[in-house]
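Colleague: Mind having a look at this structure? Questions to follow.
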There are 2 protein chains.
Amino acid sequence: MKPVSEITKRKPWVAWLIFLGTVVIVFILGLLASSIIERRSESKVYFQMVSEIPEWEPRNEVWGRNFPREYESYESTLDTSFLSKYGGSGTRDYLEEHPEMVVMWAGYAFSREYKQARGHYYAINDIRQTLRTDVPQPSTCWTCKSPDVPRLMNQMGVENFYKGKWTDLGSEVVNNIGCQDCHDPKTMNLRITRPALIEAYQRMGKDINKATHQEMRSLVCAQCHVEYYFKGENKYLTFPWDNGFTVEAMEAYYDSVKHVDFVHALSKAPMLKGQHPDFEQYTTGVHFDRGVACADCHMPYKRDGGMKYTDHKIQSPLANISGSCVVCHREGEEKLMENVVSRQNKIYELRRIAEKNIARLHIEAKTAWDNGATEQEMEPVLTLIRHAQWRWDYVAAGNSMGFHTPAEALRILGTSIQKAQEGRLLLNSILISHGVKTPIQMPDLSNREKAQAFIGLDMPALHKSKNEFINTVLPEWTKKAVEREGQMIQIQ
Amino acid sequence: MKPVSEITKRKPWVAWLIFLGTVVIVFILGLLASSIIERRSESKVYFQMVSEIPEWEPRNEVWGRNFPREYESYESTLDTSFLSKYGGSGTRDYLEEHPEMVVMWAGYAFSREYKQARGHYYAINDIRQTLRTDVPQPSTCWTCKSPDVPRLMNQMGVENFYKGKWTDLGSEVVNNIGCQDCHDPKTMNLRITRPALIEAYQRMGKDINKATHQEMRSLVCAQCHVEYYFKGENKYLTFPWDNGFTVEAMEAYYDSVKHVDFVHALSKAPMLKGQHPDFEQYTTGVHFDRGVACADCHMPYKRDGGMKYTDHKIQSPLANISGSCVVCHREGEEKLMENVVSRQNKIYELRRIAEKNIARLHIEAKTAWDNGATEQEMEPVLTLIRHAQWRWDYVAAGNSMGFHTPAEALRILGTSIQKAQEGRLLLNSILISHGVKTPIQMPDLSNREKAQAFIGLDMPALHKSKNEFINTVLPEWTKKAVEREGQMIQIQ
């Protein structure tokens with residue numbers, strides 16, 4: 001056995017090879033180390049605060065000075081061009097697309113106007129402009145619209161915040177949904193600022209303070225993207241979660257507390273209006289099951305040089321499939337889009353069946369009342385109407401056309417269809433027994449205008465009164481707010 | 001710069017280190033090479049045929065001599081213990097669990113007996129024993145039961161095979177579903193032996209010979225696990241795929257050719273009986289979309305020493321989650337089982353709603369006829385019954401409780417519920433107009449016996465006649481078959 005020294009003596013190029021190999025490896029290691037050090041130092045720089053943020057600071061611009069990347073991406077939610085792929089720029093008119101919904105909400109402000117949501121940056125403007133706030137609304141309606149809310153709750157007390165009129169706080173709630181809603185201004189940790197979520201957790205026997213960071217990346221969203229109702233005289237914002245997150249659990253809760261959002265103008269049924277139970281839907285879906293948070297899909301991580309940060313352009317993951325879905329799903333963007341749309345189409349099909357049934361049901365119920373049906377006869381029908389529409393709404397009011405939980409959404413719509421048709425069966429007998437020939441003639445519901453005329457809405461009058469409000473009240477609100485805060489108010 | 005020789009001269013241990021490192025690496029490489037060589041030679045040995053297999057050899061044992069691993073795993077389908085987790089050993093009585101199905105199939109042999117399938121090894125025995133073959137059946141019924149079928153089709157011609165009586169071929173079709181059904185005896189390549197699939201592909205303008213190997217790993221299953229019907233006088237086995245694989249496409253096909261499987265004994269509706277459209281369901285699901293074949297989940301690869309082979313214990317992937325699902329899904333077995341069961345439970349919920357509606361519908365239709373309803377009045381009702389039950393059956397007759405395509409299954413059941421209830425609405429008016437008070441009283445359908453008594457089945461007489469057949473005809477069949485083939489017949 002020869003020692004290496006002998007080999008290298010006879011073949012000196014072997015020694016040079018070993019030497020050169022070492023040089024190359026060391027050089028690459030050096031590059032790697034330098035890159036790591038550079039990126040570390042870069043991230044350090046950007047976590048240093050340029051200026052301190054006071055507690056309850058509602059102005060997103062003030063926060064933005066310290067976090068330019070997050071703020072810029074937040075500001076880019078102004079761009080709603082993605083929505084235009086789906087038929088508009090946040091001005092898509094759901095009532096025009098589904099005139100049956102006008103009938104389903106007869107007697108409730110949603111029958112006046114219901115448009116596609118445009119995102120957090122438009123929150124204040126859109127609630128000011130909608131015809132839905134032209135009826136007297138409680139100040140609870142502001143709760144999810146602005147980082148001014150935690151400030152005001154802190155000043156006024158939570159109960160006092162809820163129990164006023166919506167118009168009372170018009171000059172106070174002026175900054176769009178933003179930083180303060182989810183972050184602690186000292187540590188930037190995620191933070192729950194809305195009491196309703198904390199209280200719902202307490203009633204379920206859970207301590208929200210024990211939530212992990214990954215859970216918080218969904219829970220900050222669950223402050224608002226949930227089902228809720230305004231409880232009692234004081235319109236105390238409450239989540240109906242005491243029995244669980246499923247559609248049946250919340251239905252049982254609402255029935256047990258006899259909650260009624262509105263009495264239907266046609267059928268006289270004691271109705272529930274679903275909000276946007278996105279969080280509840282999500283907890284029954286596979287993404288939740290696999291530990292994926294809301295932010296993983298709606299606010300995926302981005303890189304800018306050495307900085308990894310969360311994209312604050314909160315939007316549909318379909319607008320950024322490569323940044324969100326593709327992180328886990330190795331299929332191409334087109335394929336993934338197809339997969340989503342195919343599920344949504346199935347859900348849409350059952351949704352349409354359900355809403356046509358339910359609109360009919362309200363109209364048939366009105367005909368029954370008009371022809372002398374008794375309360376005793378109608379009682380089981382009204383319960384079926386309440387439950388059928390609630391189940392439809394649980395899916396329809398969500399922001400994903402059921403994609404947060406496709407199988408569950410389809411199951412729920414199946415039960416909605418069944419309940420609506422059971423109601424129509426009962427009504428058919430009631431109608432005939434009161435001398436009405438069935439099936440009754442349906443009104444023309446081929447567009448929004450016709451449906452609104454059918455339920456007796458005077459739309460020109462509503463628009464006129466809203467315009468007066470816009471021209472007289474809104475400038476006052478803005479003036480007062482600017483006096484208080486300076487020129488930074490973000491209303492778009 | 002010093003050459004290595006100088007370093008090793010001063011520090012001889014460096015040379016030894018390099019030398020020893022090399023020794024270890026070379027040793028490991030040697031082990032790897034040896035293992036590869038060993039495994040290669042092992043697989044070579046096992047691909048050599050011990051004895052040649054004649055064309056159209058139906059006896060699985062003859063094939064098994066050459067492929068002991070595949071044959072052993074095929075034989076182990078005799079073990080149905082997995083099924084017992086789900087309430088039986090292949091003797092689970094679906095009619096007992098869902099007595100409504102007795103009503104839904106009144107006038108059709110399925111109302112007599114419908115039990116859980118026990119797997120390929122029991123194919124011959126189970127078709128011989130079931131009360132469904134006690135009515136005169138065409139020999140087409142044998143088509144999927146045995147590798148004797150390609151042999152007979154080759155002898156008799158395909159048309160002649162189909163057009164006889166089921167009892168004509170009793171002594172000929174005696175080997176359980178096995179090797180010849182899917183494999184070429186010379187090359188062991190996958191091969192389509194049933195003409196119905198080839199013909200269906202031709203009518204769709206596709207050439208099945210161009211299918212890839214991965215496609216063939218589903219297509220051999222699609223010879224039988226599909227929707228089909230017996231066309232015309234000669235009962236020619238035909239797949240209704242001309243318009244596509246969806247439930248609506250096949251419904252449209254059946255309507256266009258005016259196919260009727262049976263006229264319902266109660267409602268007089270022109271019914272369709274769904275077979276087991278597992279392949280069609282699968283083509284609308286995500287596993288197909290991702291290129292997964294039937295065999296990937298139902299016959300996953302196994303290892304035995306150096307041999308990788310396909311597990312021929314064809315069964316539910318839930319019986320072998322670690323061998324099938326976990327290959328792609330990194331979640332634990334328990335979690336995956338939960339995920340499957342949760343989807344199946346949702347599907348089951350809508351399925352139960354649908355079947356209760358449809359059973360009622362048949363009974364209400366009978367009451368309408370009994371009270372003088374006219375054909376003209378009933379015609380739209382009968383169409384709704386036909387379509388509602390077909391859609392229910394598309395899901396219910398499948399072998400996965402909809403898991404092959406959960407969202408699609410739920411969508412289909414939603415439309416089934418809608419159609420059944422539309423039918424009941426029409427019937428309600430018809431019944432009332434003929435002086436019948438609604439809702440009509442339902443019979444007691446709390447178990448199979450009561451449901452069978454309600455539709456007028458004399459079960460003791462049926463069992464008696466079946467027993468005679470078992471005791472007199474079956475021994476004859478077996479005797480003739482043994483004379484032809486020797487002692488190897490596999491009937492269990």
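Identifiers in the structure tokens: chain A, B, ... in order shown; residue index from 1 per chain; ligand index from 1 in order shown.
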What are the residues of chain B that have an atom within 9 Å of an atom of chain A, counting only C-alpha atoms, as a PyMOL selection string?

Modeller: chain B and resi 3-9+12+14-16+18-19+286+289-290+331+339+343+346-347+349-350+353-354+406-408+410-411+413-415+417-418+421-422+424-426+428-429+432+438-439

Colleague: Please list as a ChimeraX atom specification every residue within 7 Å of range 262-278 of chain A, counting only C-alpha atoms and excluding residues in the same chain fewer than 5 positions away.

Modeller: /A:106-108,225-228,362-363,365-366,382,385-386,390,393-394,397-399

Colleague: Can you tell me how far CA of Val395 in chain B sits from CA of Leu190 in chain B, in Å to one decimal?

Modeller: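 For CA of Val395 in chain B relative to CA of Leu190 in chain B, the distance reads 28.4 Å.
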
Colleague: Taking the DSSP assignment computed from this structure's backbone, write out as a ChimeraX atom specification all residues of range 8-252 of chain A that belong to strand (DSSP E or B).

Modeller: /A:93,115,138,165,183,190,229-231,236-238

Colleague: When DSSP is applied to the backbone of this structure, which of range 179-402 of chain B are assigned alpha helix (DSSP H)? Write them out as a ChimeraX atom specification.

Modeller: /B:195-203,213-219,247-256,278-283,286-289,294-298,333-370,375-396

Colleague: Could you pull the residues within 12 Å of Asn160 in chain B, counting only C-alpha atoms, minus those fewer than 2 positions along the same chain, as a ChimeraX atom specification?

Modeller: /B:138-140,149,152-158,162-165,168-169,234-237

Colleague: CA of Arg330 in chain A to CA of Thr212 in chain B: how many Å, to one decimal?

Modeller: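 If I compute the distance from CA of Arg330 in chain A to CA of Thr212 in chain B, I get 22.8 Å.
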
Colleague: Quick one: residues within 12 Å of Ser316 in chain A, only C-alpha atoms, excluding same-chain residues fewer than 4 positions away - as number ranges by chain?

Modeller: A: 77, 80-83, 85-86, 117-119, 294-300, 320-321, 323-325, 337, 340, 399-401, 403-404

Colleague: Using the selection just defined, write its residues with N, CA and C atoms as a PDB file, in the first residue's frame.

Modeller:
ATOM      1  N   THR A  77     -54.612  46.974  -2.965  1.00  0.00           N
ATOM      2  CA  THR A  77     -55.973  46.421  -3.033  1.00  0.00           C
ATOM      3  C   THR A  77     -56.914  47.413  -3.715  1.00  0.00           C
ATOM      4  N   THR A  80     -58.726  46.688  -8.436  1.00  0.00           N
ATOM      5  CA  THR A  80     -59.708  45.600  -8.424  1.00  0.00           C
ATOM      6  C   THR A  80     -59.843  44.966  -9.806  1.00  0.00           C
ATOM      7  N   SER A  81     -58.767  45.135 -10.614  1.00  0.00           N
ATOM      8  CA  SER A  81     -58.889  44.650 -11.992  1.00  0.00           C
ATOM      9  C   SER A  81     -59.150  43.144 -12.039  1.00  0.00           C
ATOM     10  N   PHE A  82     -58.648  42.407 -11.026  1.00  0.00           N
ATOM     11  CA  PHE A  82     -58.884  40.972 -11.030  1.00  0.00           C
ATOM     12  C   PHE A  82     -60.379  40.663 -11.048  1.00  0.00           C
ATOM     13  N   LEU A  83     -61.113  41.465 -10.264  1.00  0.00           N
ATOM     14  CA  LEU A  83     -62.556  41.226 -10.180  1.00  0.00           C
ATOM     15  C   LEU A  83     -63.234  41.357 -11.538  1.00  0.00           C
ATOM     16  N   LYS A  85     -62.386  40.222 -14.283  1.00  0.00           N
ATOM     17  CA  LYS A  85     -62.473  38.920 -14.949  1.00  0.00           C
ATOM     18  C   LYS A  85     -63.806  38.274 -14.651  1.00  0.00           C
ATOM     19  N   TYR A  86     -64.340  38.562 -13.480  1.00  0.00           N
ATOM     20  CA  TYR A  86     -65.589  37.945 -13.063  1.00  0.00           C
ATOM     21  C   TYR A  86     -66.767  38.882 -13.275  1.00  0.00           C
ATOM     22  N   ALA A 117     -68.296  42.710  -3.211  1.00  0.00           N
ATOM     23  CA  ALA A 117     -67.398  43.453  -2.320  1.00  0.00           C
ATOM     24  C   ALA A 117     -66.112  43.807  -3.082  1.00  0.00           C
ATOM     25  N   ARG A 118     -65.580  45.009  -2.799  1.00  0.00           N
ATOM     26  CA  ARG A 118     -64.398  45.436  -3.544  1.00  0.00           C
ATOM     27  C   ARG A 118     -63.096  45.319  -2.753  1.00  0.00           C
ATOM     28  N   GLY A 119     -63.169  44.855  -1.519  1.00  0.00           N
ATOM     29  CA  GLY A 119     -61.938  44.720  -0.753  1.00  0.00           C
ATOM     30  C   GLY A 119     -61.809  45.781   0.321  1.00  0.00           C
ATOM     31  N   CYS A 294     -55.943  31.106   6.724  1.00  0.00           N
ATOM     32  CA  CYS A 294     -56.501  32.060   5.753  1.00  0.00           C
ATOM     33  C   CYS A 294     -55.372  32.790   5.030  1.00  0.00           C
ATOM     34  N   ALA A 295     -54.397  33.273   5.826  1.00  0.00           N
ATOM     35  CA  ALA A 295     -53.328  34.089   5.256  1.00  0.00           C
ATOM     36  C   ALA A 295     -52.454  33.294   4.288  1.00  0.00           C
ATOM     37  N   ASP A 296     -52.348  31.987   4.476  1.00  0.00           N
ATOM     38  CA  ASP A 296     -51.511  31.186   3.566  1.00  0.00           C
ATOM     39  C   ASP A 296     -51.968  31.327   2.117  1.00  0.00           C
ATOM     40  N   CYS A 297     -53.282  31.430   1.921  1.00  0.00           N
ATOM     41  CA  CYS A 297     -53.816  31.520   0.554  1.00  0.00           C
ATOM     42  C   CYS A 297     -54.143  32.959   0.155  1.00  0.00           C
ATOM     43  N   HIS A 298     -54.659  33.731   1.118  1.00  0.00           N
ATOM     44  CA  HIS A 298     -55.123  35.080   0.770  1.00  0.00           C
ATOM     45  C   HIS A 298     -54.030  36.132   0.958  1.00  0.00           C
ATOM     46  N   MET A 299     -52.976  35.797   1.707  1.00  0.00           N
ATOM     47  CA  MET A 299     -51.865  36.732   1.935  1.00  0.00           C
ATOM     48  C   MET A 299     -50.549  35.958   1.916  1.00  0.00           C
ATOM     49  N   PRO A 300     -50.237  35.304   0.796  1.00  0.00           N
ATOM     50  CA  PRO A 300     -49.047  34.444   0.784  1.00  0.00           C
ATOM     51  C   PRO A 300     -47.766  35.249   0.994  1.00  0.00           C
ATOM     52  N   ASN A 320     -53.694  35.074  -7.778  1.00  0.00           N
ATOM     53  CA  ASN A 320     -52.254  34.879  -7.567  1.00  0.00           C
ATOM     54  C   ASN A 320     -51.991  33.403  -7.297  1.00  0.00           C
ATOM     55  N   ILE A 321     -52.414  32.564  -8.235  1.00  0.00           N
ATOM     56  CA  ILE A 321     -52.315  31.111  -8.035  1.00  0.00           C
ATOM     57  C   ILE A 321     -50.865  30.677  -7.822  1.00  0.00           C
ATOM     58  N   GLY A 323     -48.486  32.297  -6.492  1.00  0.00           N
ATOM     59  CA  GLY A 323     -47.987  32.690  -5.168  1.00  0.00           C
ATOM     60  C   GLY A 323     -48.654  31.941  -4.039  1.00  0.00           C
ATOM     61  N   SER A 324     -49.887  31.484  -4.267  1.00  0.00           N
ATOM     62  CA  SER A 324     -50.605  30.860  -3.156  1.00  0.00           C
ATOM     63  C   SER A 324     -50.758  29.348  -3.369  1.00  0.00           C
ATOM     64  N   CYS A 325     -51.595  28.933  -4.300  1.00  0.00           N
ATOM     65  CA  CYS A 325     -51.902  27.500  -4.455  1.00  0.00           C
ATOM     66  C   CYS A 325     -50.657  26.662  -4.757  1.00  0.00           C
ATOM     67  N   MET A 337     -56.919  26.392 -11.600  1.00  0.00           N
ATOM     68  CA  MET A 337     -58.069  27.274 -11.832  1.00  0.00           C
ATOM     69  C   MET A 337     -59.276  26.450 -12.285  1.00  0.00           C
ATOM     70  N   VAL A 340     -60.856  24.583  -9.391  1.00  0.00           N
ATOM     71  CA  VAL A 340     -61.678  25.454  -8.530  1.00  0.00           C
ATOM     72  C   VAL A 340     -63.008  25.746  -9.221  1.00  0.00           C
ATOM     73  N   ASN A 399     -67.761  34.094   0.646  1.00  0.00           N
ATOM     74  CA  ASN A 399     -67.008  34.765  -0.411  1.00  0.00           C
ATOM     75  C   ASN A 399     -66.289  33.819  -1.373  1.00  0.00           C
ATOM     76  N   SER A 400     -66.613  32.532  -1.373  1.00  0.00           N
ATOM     77  CA  SER A 400     -65.837  31.608  -2.203  1.00  0.00           C
ATOM     78  C   SER A 400     -66.719  30.745  -3.099  1.00  0.00           C
ATOM     79  N   MET A 401     -67.990  31.076  -3.219  1.00  0.00           N
ATOM     80  CA  MET A 401     -68.932  30.193  -3.918  1.00  0.00           C
ATOM     81  C   MET A 401     -68.711  28.745  -3.462  1.00  0.00           C
ATOM     82  N   PHE A 403     -66.173  27.285  -2.239  1.00  0.00           N
ATOM     83  CA  PHE A 403     -64.898  26.594  -2.414  1.00  0.00           C
ATOM     84  C   PHE A 403     -64.161  26.345  -1.094  1.00  0.00           C
ATOM     85  N   HIS A 404     -64.477  27.140  -0.064  1.00  0.00           N
ATOM     86  CA  HIS A 404     -63.847  26.864   1.232  1.00  0.00           C
ATOM     87  C   HIS A 404     -64.176  25.456   1.726  1.00  0.00           C
TER      88      HIS A 404
END

Colleague: Find the residues near range 174-185 of chain B: any atom within 7 Å, counting only C-alpha atoms, skip ones fewer than 6 places away on the same chain, and give them as a PDB file with N, CA and C atoms, in the first residue's frame.

Modeller:
ATOM      1  N   ILE B  53     -49.172 -20.638 -21.390  1.00  0.00           N
ATOM      2  CA  ILE B  53     -50.610 -20.511 -21.143  1.00  0.00           C
ATOM      3  C   ILE B  53     -51.314 -20.432 -22.496  1.00  0.00           C
ATOM      4  N   PRO B  54     -52.224 -21.357 -22.762  1.00  0.00           N
ATOM      5  CA  PRO B  54     -52.917 -21.315 -24.057  1.00  0.00           C
ATOM      6  C   PRO B  54     -53.804 -20.075 -24.169  1.00  0.00           C
ATOM      7  N   GLU B  55     -54.027 -19.608 -25.383  1.00  0.00           N
ATOM      8  CA  GLU B  55     -54.987 -18.528 -25.622  1.00  0.00           C
ATOM      9  C   GLU B  55     -56.353 -18.977 -25.097  1.00  0.00           C
ATOM     10  N   TRP B  56     -57.083 -18.026 -24.490  1.00  0.00           N
ATOM     11  CA  TRP B  56     -58.419 -18.240 -23.924  1.00  0.00           C
ATOM     12  C   TRP B  56     -58.446 -19.238 -22.768  1.00  0.00           C
ATOM     13  N   GLU B  57     -57.302 -19.416 -22.111  1.00  0.00           N
ATOM     14  CA  GLU B  57     -57.280 -20.294 -20.930  1.00  0.00           C
ATOM     15  C   GLU B  57     -58.054 -19.616 -19.799  1.00  0.00           C
ATOM     16  N   PRO B  58     -59.176 -20.191 -19.363  1.00  0.00           N
ATOM     17  CA  PRO B  58     -59.975 -19.520 -18.341  1.00  0.00           C
ATOM     18  C   PRO B  58     -59.546 -19.842 -16.909  1.00  0.00           C
ATOM     19  N   ARG B  59     -58.762 -20.924 -16.749  1.00  0.00           N
ATOM     20  CA  ARG B  59     -58.474 -21.377 -15.383  1.00  0.00           C
ATOM     21  C   ARG B  59     -57.376 -20.538 -14.747  1.00  0.00           C
ATOM     22  N   ASN B  60     -57.749 -19.806 -13.685  1.00  0.00           N
ATOM     23  CA  ASN B  60     -56.803 -18.908 -13.031  1.00  0.00           C
ATOM     24  C   ASN B  60     -55.611 -19.676 -12.447  1.00  0.00           C
ATOM     25  N   TRP B  63     -52.735 -20.030 -14.908  1.00  0.00           N
ATOM     26  CA  TRP B  63     -51.954 -18.797 -14.965  1.00  0.00           C
ATOM     27  C   TRP B  63     -51.104 -18.650 -13.695  1.00  0.00           C
ATOM     28  N   HIS B 120     -64.109 -10.400  -6.532  1.00  0.00           N
ATOM     29  CA  HIS B 120     -64.006 -11.196  -7.755  1.00  0.00           C
ATOM     30  C   HIS B 120     -64.022 -12.701  -7.521  1.00  0.00           C
ATOM     31  N   TYR B 121     -63.487 -13.129  -6.404  1.00  0.00           N
ATOM     32  CA  TYR B 121     -63.351 -14.564  -6.167  1.00  0.00           C
ATOM     33  C   TYR B 121     -64.705 -15.235  -5.930  1.00  0.00           C
ATOM     34  N   TYR B 122     -65.718 -14.408  -5.647  1.00  0.00           N
ATOM     35  CA  TYR B 122     -67.037 -14.955  -5.337  1.00  0.00           C
ATOM     36  C   TYR B 122     -68.032 -14.747  -6.472  1.00  0.00           C
ATOM     37  N   ALA B 123     -67.519 -14.286  -7.614  1.00  0.00           N
ATOM     38  CA  ALA B 123     -68.430 -13.830  -8.672  1.00  0.00           C
ATOM     39  C   ALA B 123     -69.414 -14.912  -9.109  1.00  0.00           C
ATOM     40  N   ILE B 124     -68.914 -16.101  -9.384  1.00  0.00           N
ATOM     41  CA  ILE B 124     -69.778 -17.166  -9.896  1.00  0.00           C
ATOM     42  C   ILE B 124     -70.773 -17.627  -8.835  1.00  0.00           C
ATOM     43  N   LYS B 145     -68.651 -11.943 -15.412  1.00  0.00           N
ATOM     44  CA  LYS B 145     -68.461 -12.804 -14.258  1.00  0.00           C
ATOM     45  C   LYS B 145     -67.266 -13.723 -14.349  1.00  0.00           C
ATOM     46  N   SER B 146     -66.621 -13.847 -15.521  1.00  0.00           N
ATOM     47  CA  SER B 146     -65.691 -14.967 -15.623  1.00  0.00           C
ATOM     48  C   SER B 146     -64.768 -14.866 -16.842  1.00  0.00           C
ATOM     49  N   PRO B 147     -63.547 -15.401 -16.716  1.00  0.00           N
ATOM     50  CA  PRO B 147     -62.660 -15.501 -17.881  1.00  0.00           C
ATOM     51  C   PRO B 147     -63.104 -16.595 -18.857  1.00  0.00           C
ATOM     52  N   ASP B 148     -64.181 -17.314 -18.507  1.00  0.00           N
ATOM     53  CA  ASP B 148     -64.766 -18.216 -19.500  1.00  0.00           C
ATOM     54  C   ASP B 148     -65.456 -17.432 -20.607  1.00  0.00           C
ATOM     55  N   ARG B 191     -55.029  -6.219 -21.628  1.00  0.00           N
ATOM     56  CA  ARG B 191     -55.763  -6.439 -22.864  1.00  0.00           C
ATOM     57  C   ARG B 191     -57.265  -6.309 -22.594  1.00  0.00           C
ATOM     58  N   ILE B 192     -57.957  -5.673 -23.511  1.00  0.00           N
ATOM     59  CA  ILE B 192     -59.416  -5.556 -23.372  1.00  0.00           C
ATOM     60  C   ILE B 192     -60.041  -6.782 -24.008  1.00  0.00           C
ATOM     61  N   THR B 193     -60.769  -7.559 -23.213  1.00  0.00           N
ATOM     62  CA  THR B 193     -61.370  -8.782 -23.742  1.00  0.00           C
ATOM     63  C   THR B 193     -62.865  -8.642 -23.987  1.00  0.00           C
ATOM     64  N   VAL B 220     -59.029  -1.702 -18.180  1.00  0.00           N
ATOM     65  CA  VAL B 220     -59.410  -3.111 -17.961  1.00  0.00           C
ATOM     66  C   VAL B 220     -60.533  -3.206 -16.925  1.00  0.00           C
ATOM     67  N   ILE B 489     -61.819 -26.200 -10.713  1.00  0.00           N
ATOM     68  CA  ILE B 489     -62.827 -25.133 -10.711  1.00  0.00           C
ATOM     69  C   ILE B 489     -62.923 -24.459  -9.340  1.00  0.00           C
ATOM     70  N   GLN B 490     -63.000 -23.119  -9.403  1.00  0.00           N
ATOM     71  CA  GLN B 490     -62.796 -22.324  -8.197  1.00  0.00           C
ATOM     72  C   GLN B 490     -64.050 -21.859  -7.486  1.00  0.00           C
ATOM     73  N   ILE B 491     -65.169 -22.477  -7.704  1.00  0.00           N
ATOM     74  CA  ILE B 491     -66.382 -21.857  -7.157  1.00  0.00           C
ATOM     75  C   ILE B 491     -66.392 -21.892  -5.637  1.00  0.00           C
TER      76      ILE B 491
END

Colleague: Calculate how many Å separate CA of Ile37 in chain A from CA of Thr187 in chain A, rounding to one decimal.

Modeller: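 Spanning CA of Ile37 in chain A to CA of Thr187 in chain A is a straight-line distance of 24.0 Å.
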